[in-house]
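For reference, entry-v1.csv is printed below; it contains CSV, C-alpha atoms.
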chain,number,residue,atom,x,y,z
A,1,MET,CA,-12.0,-4.5,-145.6
A,2,THR,CA,-9.4,-2.5,-147.4
A,3,THR,CA,-8.8,1.2,-148.2
A,4,THR,CA,-6.3,3.3,-150.1
A,5,TYR,CA,-7.8,6.5,-148.8
A,6,PRO,CA,-4.9,8.9,-148.0
A,7,ASP,CA,-6.8,11.0,-145.4
A,8,LEU,CA,-8.0,8.1,-143.3
A,9,SER,CA,-6.1,5.7,-141.1
A,10,ALA,CA,-6.9,2.0,-141.6
A,11,GLU,CA,-8.9,2.0,-138.4
A,12,GLU,CA,-10.9,5.0,-139.4
A,13,ALA,CA,-11.7,3.5,-142.8
A,14,ALA,CA,-12.6,0.2,-141.2
A,15,ALA,CA,-15.0,2.0,-138.8
A,16,ILE,CA,-16.7,3.8,-141.7
A,17,ILE,CA,-17.1,0.6,-143.7
A,18,ASP,CA,-18.3,-1.3,-140.7
A,19,HIS,CA,-20.8,1.5,-139.9
A,20,VAL,CA,-22.4,1.7,-143.3
A,21,ASN,CA,-22.5,-2.1,-143.7
A,22,GLU,CA,-24.2,-2.6,-140.3
A,23,ASP,CA,-26.5,0.4,-140.1
A,24,HIS,CA,-27.3,1.3,-143.7
A,25,PRO,CA,-28.1,-1.9,-145.7
A,26,ALA,CA,-31.0,-0.2,-147.3
A,27,GLU,CA,-28.9,2.7,-148.6
A,28,LEU,CA,-26.3,0.3,-149.9
A,29,LEU,CA,-28.9,-1.6,-151.8
A,30,LEU,CA,-29.9,1.7,-153.4
A,31,LEU,CA,-26.4,2.1,-154.7
A,32,ALA,CA,-26.4,-1.4,-156.1
A,33,ARG,CA,-29.7,-0.8,-157.9
A,34,ALA,CA,-28.8,2.6,-159.2
A,35,PHE,CA,-25.1,2.2,-160.1
A,36,THR,CA,-24.3,-1.4,-160.8
A,37,PRO,CA,-25.5,-3.8,-163.5
A,38,ALA,CA,-26.3,-6.5,-160.9
A,39,PRO,CA,-29.5,-8.3,-161.8
A,40,THR,CA,-32.2,-7.9,-159.1
A,41,PRO,CA,-29.8,-7.1,-156.2
A,42,ASP,CA,-30.8,-8.6,-152.8
A,43,ALA,CA,-28.1,-7.1,-150.6
A,44,ALA,CA,-24.9,-5.1,-150.8
A,45,ALA,CA,-21.8,-4.4,-148.6
A,46,VAL,CA,-18.8,-2.1,-148.9
A,47,THR,CA,-15.5,-4.0,-149.2
A,48,ALA,CA,-13.1,-1.1,-149.9
A,49,LEU,CA,-13.1,2.6,-149.7
A,50,TYR,CA,-11.2,5.0,-152.1
A,51,PRO,CA,-10.9,8.8,-152.5
A,52,ASP,CA,-13.1,8.7,-155.6
A,53,GLY,CA,-15.4,5.7,-154.8
A,54,LEU,CA,-15.9,2.4,-153.2
A,55,ASP,CA,-16.1,-1.3,-154.0
A,56,LEU,CA,-19.6,-2.8,-153.5
A,57,GLN,CA,-20.1,-6.5,-153.1
A,58,VAL,CA,-23.6,-7.2,-154.4
A,59,THR,CA,-25.6,-10.4,-153.8
A,60,HIS,CA,-28.1,-10.9,-156.6
A,61,ALA,CA,-30.2,-13.5,-158.3
A,62,ALA,CA,-27.3,-14.9,-160.2
A,63,GLY,CA,-24.8,-15.0,-157.4
A,64,GLN,CA,-22.4,-12.4,-156.0
A,65,ASP,CA,-20.1,-9.8,-157.7
A,66,THR,CA,-18.1,-6.8,-156.7
A,67,TYR,CA,-18.4,-3.5,-158.5
A,68,ARG,CA,-16.7,-0.1,-158.3
A,69,VAL,CA,-19.1,2.7,-157.5
A,70,PRO,CA,-17.7,6.2,-158.1
A,71,PHE,CA,-18.6,9.0,-155.7
A,72,THR,CA,-20.8,11.7,-157.1
A,73,THR,CA,-18.6,14.3,-155.4
A,74,THR,CA,-15.1,14.4,-153.9
A,75,ASP,CA,-15.0,17.8,-152.4
A,76,VAL,CA,-16.4,16.8,-149.0
A,77,PRO,CA,-15.2,14.4,-146.2
A,78,PRO,CA,-15.6,10.7,-146.8
A,79,LYS,CA,-19.0,10.3,-145.0
A,80,GLY,CA,-20.3,13.3,-147.0
A,81,ARG,CA,-19.2,11.6,-150.2
A,82,LEU,CA,-21.2,8.5,-149.2
A,83,ARG,CA,-24.3,10.5,-148.3
A,84,ALA,CA,-24.1,12.5,-151.6
A,85,THR,CA,-23.8,9.3,-153.6
A,86,VAL,CA,-26.8,7.7,-151.8
A,87,ALA,CA,-28.8,10.9,-152.4
A,88,ALA,CA,-27.9,10.7,-156.1
A,89,ALA,CA,-29.1,7.0,-156.2
A,90,ARG,CA,-32.4,8.0,-154.6
A,91,GLU,CA,-32.9,10.7,-157.2
A,92,GLN,CA,-32.0,8.4,-160.1
A,93,LEU,CA,-34.4,5.7,-158.7
A,94,ASN,CA,-37.0,8.4,-157.7
A,95,GLU,CA,-37.2,6.9,-154.2
A,96,GLN,CA,-37.0,9.5,-151.5
A,97,PRO,CA,-36.9,8.6,-147.8
A,98,ARG,CA,-40.2,8.9,-145.9
A,99,THR,CA,-39.3,11.7,-143.6
A,100,ARG,CA,-41.2,14.6,-142.0
A,101,GLU,CA,-39.8,17.8,-140.5
A,102,VAL,CA,-41.5,18.8,-137.3
A,103,ARG,CA,-41.3,21.7,-134.9
A,104,TRP,CA,-41.9,20.8,-131.2
A,105,THR,CA,-41.8,22.8,-128.0
A,106,VAL,CA,-40.1,21.8,-124.8
A,107,GLN,CA,-42.7,21.3,-122.1
A,108,ALA,CA,-40.6,20.0,-119.2
A,109,VAL,CA,-37.0,19.0,-118.4
A,110,THR,CA,-36.3,16.3,-115.8
A,111,SER,CA,-33.6,13.8,-114.9
A,112,PRO,CA,-34.6,10.1,-115.1
A,113,GLY,CA,-31.1,8.9,-114.0
A,114,ALA,CA,-27.5,9.8,-113.6
A,115,ASP,CA,-26.3,12.1,-116.4
A,116,LEU,CA,-29.6,11.7,-118.3
A,117,ARG,CA,-31.8,14.6,-119.3
A,118,ARG,CA,-35.4,13.9,-120.3
A,119,LEU,CA,-37.0,16.4,-122.7
A,120,THR,CA,-40.8,16.2,-122.7
A,121,LEU,CA,-41.9,17.8,-126.0
A,122,HIS,CA,-45.3,19.0,-127.1
A,123,ALA,CA,-45.7,17.3,-130.5
A,124,ASP,CA,-48.2,16.7,-133.2
A,125,PRO,CA,-49.0,13.0,-132.8
A,126,ALA,CA,-50.0,12.4,-136.4
A,127,PRO,CA,-46.5,11.6,-137.7
A,128,LEU,CA,-45.8,9.4,-134.7
A,129,SER,CA,-48.5,6.8,-135.4
A,130,GLY,CA,-45.8,4.2,-136.4
A,131,TRP,CA,-43.8,4.6,-133.2
A,132,ARG,CA,-42.2,1.5,-131.8
A,133,PRO,CA,-39.1,0.8,-129.7
A,134,GLY,CA,-36.0,2.2,-131.5
A,135,TYR,CA,-37.9,5.0,-133.3
A,136,ALA,CA,-35.6,8.0,-133.5
A,137,ALA,CA,-35.5,11.5,-134.8
A,138,ARG,CA,-32.7,13.7,-136.1
A,139,PHE,CA,-32.7,16.9,-134.0
A,140,ARG,CA,-31.2,20.1,-135.3
A,141,THR,CA,-28.7,21.6,-132.9
A,142,PRO,CA,-26.3,24.6,-133.3
A,143,ALA,CA,-23.5,22.1,-134.0
A,144,GLY,CA,-25.5,20.1,-136.6
A,145,GLU,CA,-28.0,17.2,-136.6
A,146,ARG,CA,-27.9,14.7,-133.7
A,147,THR,CA,-30.0,11.5,-133.6
A,148,TYR,CA,-31.8,10.5,-130.4
A,149,THR,CA,-34.3,7.7,-129.7
A,150,LEU,CA,-37.9,8.7,-128.7
A,151,ARG,CA,-38.3,7.1,-125.3
A,152,ARG,CA,-42.1,7.3,-125.2
A,153,VAL,CA,-44.8,8.7,-127.3
A,154,HIS,CA,-48.2,9.8,-125.8
A,155,PRO,CA,-50.4,10.5,-128.9
A,156,GLN,CA,-53.5,11.5,-126.9
A,157,ALA,CA,-51.6,14.1,-124.9
A,158,ALA,CA,-49.5,15.1,-127.9
A,159,LEU,CA,-46.3,14.5,-126.0
A,160,VAL,CA,-43.0,12.9,-126.7
A,161,GLU,CA,-40.2,12.0,-124.3
A,162,VAL,CA,-36.6,12.1,-125.4
A,163,ASP,CA,-33.8,11.0,-123.1
A,164,VAL,CA,-30.3,12.3,-123.8
A,165,TYR,CA,-27.2,10.9,-122.1
A,166,LEU,CA,-24.9,13.9,-121.3
A,167,HIS,CA,-21.4,13.0,-122.6
A,168,GLY,CA,-19.6,15.9,-120.9
A,169,ASP,CA,-19.2,18.9,-123.2
A,170,THR,CA,-20.0,17.2,-126.5
A,171,PRO,CA,-22.2,19.3,-128.9
A,172,GLY,CA,-25.3,17.2,-128.4
A,173,SER,CA,-24.9,17.2,-124.6
A,174,VAL,CA,-24.4,21.0,-124.5
A,175,TRP,CA,-27.6,21.5,-126.6
A,176,ALA,CA,-29.7,19.2,-124.5
A,177,ALA,CA,-28.4,20.6,-121.2
A,178,GLY,CA,-29.3,24.1,-122.3
A,179,LEU,CA,-32.9,23.5,-123.3
A,180,GLN,CA,-35.6,25.0,-121.1
A,181,PRO,CA,-39.4,24.8,-121.1
A,182,GLY,CA,-40.8,26.9,-123.9
A,183,ASP,CA,-37.8,26.4,-126.2
A,184,PRO,CA,-38.6,25.3,-129.8
A,185,VAL,CA,-37.0,22.1,-131.1
A,186,GLU,CA,-36.7,21.1,-134.8
A,187,ALA,CA,-36.5,17.5,-135.8
A,188,ILE,CA,-36.7,15.2,-138.8
A,189,LEU,CA,-38.7,12.0,-138.3
A,190,GLY,CA,-38.5,8.7,-140.0
A,191,ARG,CA,-35.7,6.6,-138.6
A,192,HIS,CA,-36.5,3.1,-137.2
A,193,GLU,CA,-34.1,0.8,-135.5
A,194,THR,CA,-33.5,-2.5,-137.3
A,195,LEU,CA,-34.2,-5.2,-134.8
A,196,PRO,CA,-33.8,-9.0,-135.0
A,197,ASP,CA,-36.5,-11.4,-134.0
A,198,LEU,CA,-36.0,-11.3,-130.2
A,199,HIS,CA,-39.0,-13.3,-129.1
A,200,GLY,CA,-38.0,-16.8,-130.2
A,201,GLY,CA,-36.3,-17.5,-126.9
A,202,ALA,CA,-32.8,-17.0,-125.4
A,203,ALA,CA,-32.6,-13.3,-126.4
A,204,LEU,CA,-29.8,-10.9,-125.3
A,205,LEU,CA,-30.1,-7.2,-124.9
A,206,LEU,CA,-27.1,-5.1,-124.1
A,207,GLY,CA,-25.7,-1.5,-124.2
A,208,ASP,CA,-24.5,1.5,-122.3
A,209,GLU,CA,-26.3,4.6,-121.1
A,210,THR,CA,-27.0,5.7,-124.7
A,211,ALA,CA,-29.0,2.5,-125.3
A,212,LEU,CA,-31.2,2.9,-122.2
A,213,PRO,CA,-34.2,4.5,-124.0
A,214,THR,CA,-34.4,1.7,-126.6
A,215,LEU,CA,-33.7,-1.0,-124.0
A,216,ALA,CA,-36.5,0.3,-121.7
A,217,ALA,CA,-39.0,0.6,-124.6
A,218,LEU,CA,-38.2,-3.0,-125.7
A,219,LEU,CA,-38.7,-4.3,-122.2
A,220,GLU,CA,-42.0,-2.4,-121.8
A,221,HIS,CA,-43.3,-3.8,-125.0
A,222,TRP,CA,-42.1,-7.3,-124.7
A,223,PRO,CA,-44.7,-9.8,-125.9
A,224,ASP,CA,-45.9,-12.9,-124.1
A,225,ALA,CA,-42.5,-14.6,-124.4
A,226,PRO,CA,-39.6,-15.5,-122.1
A,227,GLY,CA,-37.8,-12.4,-120.8
A,228,PRO,CA,-34.3,-11.6,-122.2
A,229,ARG,CA,-30.9,-11.6,-120.7
A,230,VAL,CA,-29.9,-7.9,-120.2
A,231,LEU,CA,-26.4,-6.5,-119.7
A,232,ILE,CA,-26.1,-2.7,-119.2
A,233,GLU,CA,-22.8,-1.0,-118.6
A,234,VAL,CA,-22.9,2.3,-116.6
A,235,ALA,CA,-20.3,4.6,-115.2
A,236,ASP,CA,-22.5,5.8,-112.3
A,237,PRO,CA,-24.4,3.3,-110.2
A,238,GLY,CA,-27.2,5.8,-110.2
A,239,GLY,CA,-27.8,4.9,-113.8
A,240,ALA,CA,-29.7,1.8,-112.6
A,241,ARG,CA,-32.5,4.2,-111.5
A,242,TYR,CA,-33.5,4.5,-115.1
A,243,LEU,CA,-35.4,1.2,-115.2
A,244,ASP,CA,-37.1,1.7,-111.8
A,245,ASP,CA,-40.5,2.4,-113.5
A,246,VAL,CA,-40.1,-0.3,-116.1
A,247,ARG,CA,-42.0,-3.6,-115.5
A,248,LEU,CA,-39.6,-6.3,-116.6
A,249,PRO,CA,-41.0,-9.3,-118.5
A,250,PRO,CA,-41.2,-12.5,-116.4
A,251,GLY,CA,-37.9,-14.4,-116.7
A,252,THR,CA,-35.8,-11.3,-117.4
A,253,HIS,CA,-32.3,-11.6,-116.0
A,254,LEU,CA,-30.9,-8.0,-115.6
A,255,SER,CA,-27.2,-7.3,-114.8
A,256,TRP,CA,-25.8,-3.8,-114.3
A,257,VAL,CA,-22.1,-3.8,-115.3
A,258,PRO,CA,-19.9,-1.2,-113.6
A,259,ARG,CA,-17.7,0.6,-116.1
A,260,ALA,CA,-14.0,-0.3,-115.6
A,261,GLY,CA,-11.5,0.9,-118.1
A,262,PRO,CA,-12.4,2.3,-121.5
A,263,PRO,CA,-16.2,2.5,-122.3
A,264,GLY,CA,-17.5,-0.9,-123.4
A,265,GLN,CA,-14.6,-2.9,-122.1
A,266,ALA,CA,-16.4,-4.3,-119.0
A,267,LEU,CA,-19.5,-5.0,-121.2
A,268,THR,CA,-17.4,-6.9,-123.7
A,269,ARG,CA,-16.0,-9.1,-120.9
A,270,ALA,CA,-19.5,-9.7,-119.5
A,271,ALA,CA,-20.7,-10.8,-123.0
A,272,ALA,CA,-17.8,-13.1,-123.4
A,273,ALA,CA,-18.5,-14.7,-120.1
A,274,LEU,CA,-22.1,-15.7,-120.9
A,275,ASP,CA,-22.5,-19.4,-120.2
A,276,THR,CA,-25.9,-19.8,-121.9
A,277,PRO,CA,-26.7,-19.9,-125.6
A,278,VAL,CA,-28.0,-16.8,-127.4
A,279,ARG,CA,-30.5,-17.1,-130.3
A,280,ALA,CA,-30.8,-13.4,-131.0
A,281,ALA,CA,-29.1,-10.2,-129.8
A,282,TRP,CA,-29.5,-6.5,-130.0
A,283,GLY,CA,-27.3,-3.8,-128.4
A,284,ALA,CA,-26.0,-0.3,-128.8
A,285,LEU,CA,-22.9,1.4,-127.3
A,286,GLY,CA,-19.7,3.1,-128.6
A,287,SER,CA,-18.7,2.1,-132.1
A,288,HIS,CA,-15.4,0.4,-131.2
A,289,ALA,CA,-16.9,-1.8,-128.5
A,290,ALA,CA,-20.0,-2.5,-130.6
A,291,ARG,CA,-17.8,-4.1,-133.3
A,292,GLU,CA,-15.9,-6.2,-130.8
A,293,ILE,CA,-19.1,-7.5,-129.1
A,294,ARG,CA,-20.9,-8.1,-132.4
A,295,THR,CA,-17.9,-10.2,-133.7
A,296,LEU,CA,-17.7,-12.1,-130.4
A,297,LEU,CA,-21.4,-12.9,-130.2
A,298,ARG,CA,-21.6,-14.0,-133.9
A,299,ALA,CA,-18.7,-16.3,-133.5
A,300,ALA,CA,-19.5,-17.7,-130.0
A,301,HIS,CA,-23.2,-18.3,-130.7
A,302,GLY,CA,-23.3,-19.0,-134.4
A,303,LEU,CA,-25.4,-15.9,-135.1
A,304,ASP,CA,-25.8,-14.6,-138.6
A,305,PRO,CA,-26.1,-10.7,-139.0
A,306,ALA,CA,-29.9,-10.9,-139.2
A,307,ARG,CA,-30.0,-12.3,-135.6
A,308,CYS,CA,-27.3,-10.2,-134.1
A,309,ARG,CA,-27.5,-6.4,-134.3
A,310,VAL,CA,-25.0,-4.6,-132.1
A,311,VAL,CA,-24.6,-1.0,-133.4
A,312,GLY,CA,-22.6,2.1,-132.6
A,313,TYR,CA,-24.7,4.8,-131.1
A,314,TRP,CA,-21.7,7.1,-130.8
A,315,GLN,CA,-18.1,7.2,-132.1
A,316,SER,CA,-15.6,5.8,-129.6
Here is a file; write its structure as structure tokens.
Amino acid sequence: MTTTYPDLSAEEAAAIIDHVNEDHPAELLLLARAFTPAPTPDAAAVTALYPDGLDLQVTHAAGQDTYRVPFTTTDVPPKGRLRATVAAAREQLNEQPRTREVRWTVQAVTSPGADLRRLTLHADPAPLSGWRPGYAARFRTPAGERTYTLRRVHPQAALVEVDVYLHGDTPGSVWAAGLQPGDPVEAILGRHETLPDLHGGAALLLGDETALPTLAALLEHWPDAPGPRVLIEVADPGGARYLDDVRLPPGTHLSWVPRAGPPGQALTRAAAALDTPVRAAWGALGSHAAREIRTLLRAAHGLDPARCRVVGYWQS
């Protein structure tokens, strides 16, 4: 990973490159199809970031090549340049994302665990027919859009539960903490978490408080297969209350990891200390620790990216 971007440190550029490669493979494939001559692209990854574009390594039918892809605009921050270029690729290919804007109403506000706020929203169930663990929505807040996982969907009652971890006075936390029954909420639907095949045995789930909604949904919908190893880092021991109403699959081994030091540090140590093999892993936490754990697991257990998805749910 390299960059000659003057407004970004090497660490900031590496974080952007890592984020788009891990969390937006479909969008990068759009760039390859729209803006490179690669024959039948199968996958793409950013290898370098510049003020006016990026280098895109494309895997295709004839092998692998790297192409320079110019940004379609340069008068916005780096992430905005990427988003604008992806939007231009969609327009050129006439492939718009399957999204739907909805307007919901807060019905109830509760606390399912330490520093967690549960928003029960009255919702039209029609656009939620494809819900599965990891389904998320982008909510419009006064400080911009924020993405949160839908904890549960109740189509017959036309209700949705969204659990928000309150990170102090961050914009999303302030928005969620201020909502009251009767308040309207605007959201954009259509985001699904990319999950590896976790049901072939020796699966690992891990994360911090922000991952709890997805982790709980995964455990509730676990098939008839051996339960996973679960590592969850929490700052407050009361966070363990969150899974009180979740029936764990037989064979699940759950460990609550007390936070010690920077967020994710204790979880990284716990992941490094695993003494059993891992065949597939999914996790979510702060972006910096997510990169460390992902690298650690792939190296220690021989996991390719398709079998190891550890993503950043927030910037750390």
Å distance separating CA of Pro142 (chain A) from CA of Asp169 (chain A), one decimal place =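 The value is 13.6 Å.
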Might you pull out every residue within 8 Å of region 129-135 of chain A, with all atoms listed in the file counted and same-chain residues fewer than 2 positions away left off, and present them as a list in words?
->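 My list of contacting residues is Pro125, Ala126, Pro127, Ala137, Thr149, Leu150, Arg151, Val153, Pro155, Gly190, Arg191, His192, Glu193, Thr194, Thr214, Ala217, Leu218 and His221 of chain A.
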Within 6 Å of region 93-115 of chain A, which residues of region 185-220 of chain A come that close, and what is the closest atom pair and distance in Å for each? Count all atoms listed in the file and give it as a Markdown table.
| residue | atom | partner | partner_atom | distance |
| --- | --- | --- | --- | --- |
| A:Val185 | CA | A:Trp104 | CA | 5.1 |
| A:Glu186 | CA | A:Arg103 | CA | 4.6 |
| A:Ala187 | CA | A:Val102 | CA | 5.4 |
| A:Ile188 | CA | A:Glu101 | CA | 4.4 |
| A:Leu189 | CA | A:Arg100 | CA | 5.2 |
| A:Gly190 | CA | A:Thr99 | CA | 4.8 |
Which polymer residues have any atom within 12 Å of an atom of region 60-71 of chain A, counting only C-alpha atoms, with same-chain residues fewer than 2 positions away left out, as an MDAnalysis selection string?
-> chainID A and resid 28:58 73:89
Counting all atoms listed in the file, the residue of A:Leu243, A:Ala284, A:Ala216, A:Ala202 that sits nearest His301 (chain A) | A:Ala202
For region 97-109 of chain A, take all atoms listed in the file, fit an axis-aligned box around them, add 4 Å to each of the six sides, then output centre and edge lengths in Å rounded to one decimal, as JSON.
{"center_x": -39.8, "center_y": 15.7, "center_z": -133.1, "size_x": 13.8, "size_y": 22.2, "size_z": 37.4}
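The smallest atom-to-atom distance between Val174 (chain A) and any of A:Ala143, A:Leu198, A:Ala273, A:Val234, using all atoms listed in the file, is found for A:Ala143.
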Spatial neighbours of Leu116 (chain A), 8 Å, only C-alpha atoms, chain gap at least 6 places, as a count of residues only = 4
Rank A:Gly207, A:Gly201, A:Gly286, A:Pro213 by their smallest atom-to-atom distance to Pro228 (chain A), using all atoms listed in the file, and report the top residue only.
->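 With all atoms listed in the file as the atom set, the closest residue is A:Gly201.
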What gap, in Å, lies between CA of Tyr148 (chain A) and CA of Val162 (chain A)?
-> 7.1 Å
Atomic separation - CA of His154 (chain A) relative to CA of Gly200 (chain A), Å =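 Computing the Euclidean distance for CA of Gly200 (chain A) and CA of His154 (chain A) yields 28.8 Å.
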Option closest in space to Leu274 (chain A), from A:Ala300, A:Ala10, A:Leu121, A:Ala136 [counting only C-alpha atoms] =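 Counting only C-alpha atoms, the residue closest to Leu274 (chain A) is A:Ala300.
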Could you check which of A:Trp222, A:Phe139, A:Trp256, A:Trp175 is closest to Tyr242 (chain A), using only C-alpha atoms?
->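 Smallest distance to Tyr242 (chain A) is found for A:Trp256.
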May I ask which of the residues A:Leu8, A:Ala280, A:Val160, A:Val257 is the closest one to Asp236 (chain A), counting only C-alpha atoms?
-> A:Val257
May I have the residues within 12 Å of Ala260 (chain A) as a ChimeraX atom specification, using all atoms listed in the file and disregarding those fewer than 2 positions away in the same chain?
-> /A:233-236,257-258,262-270
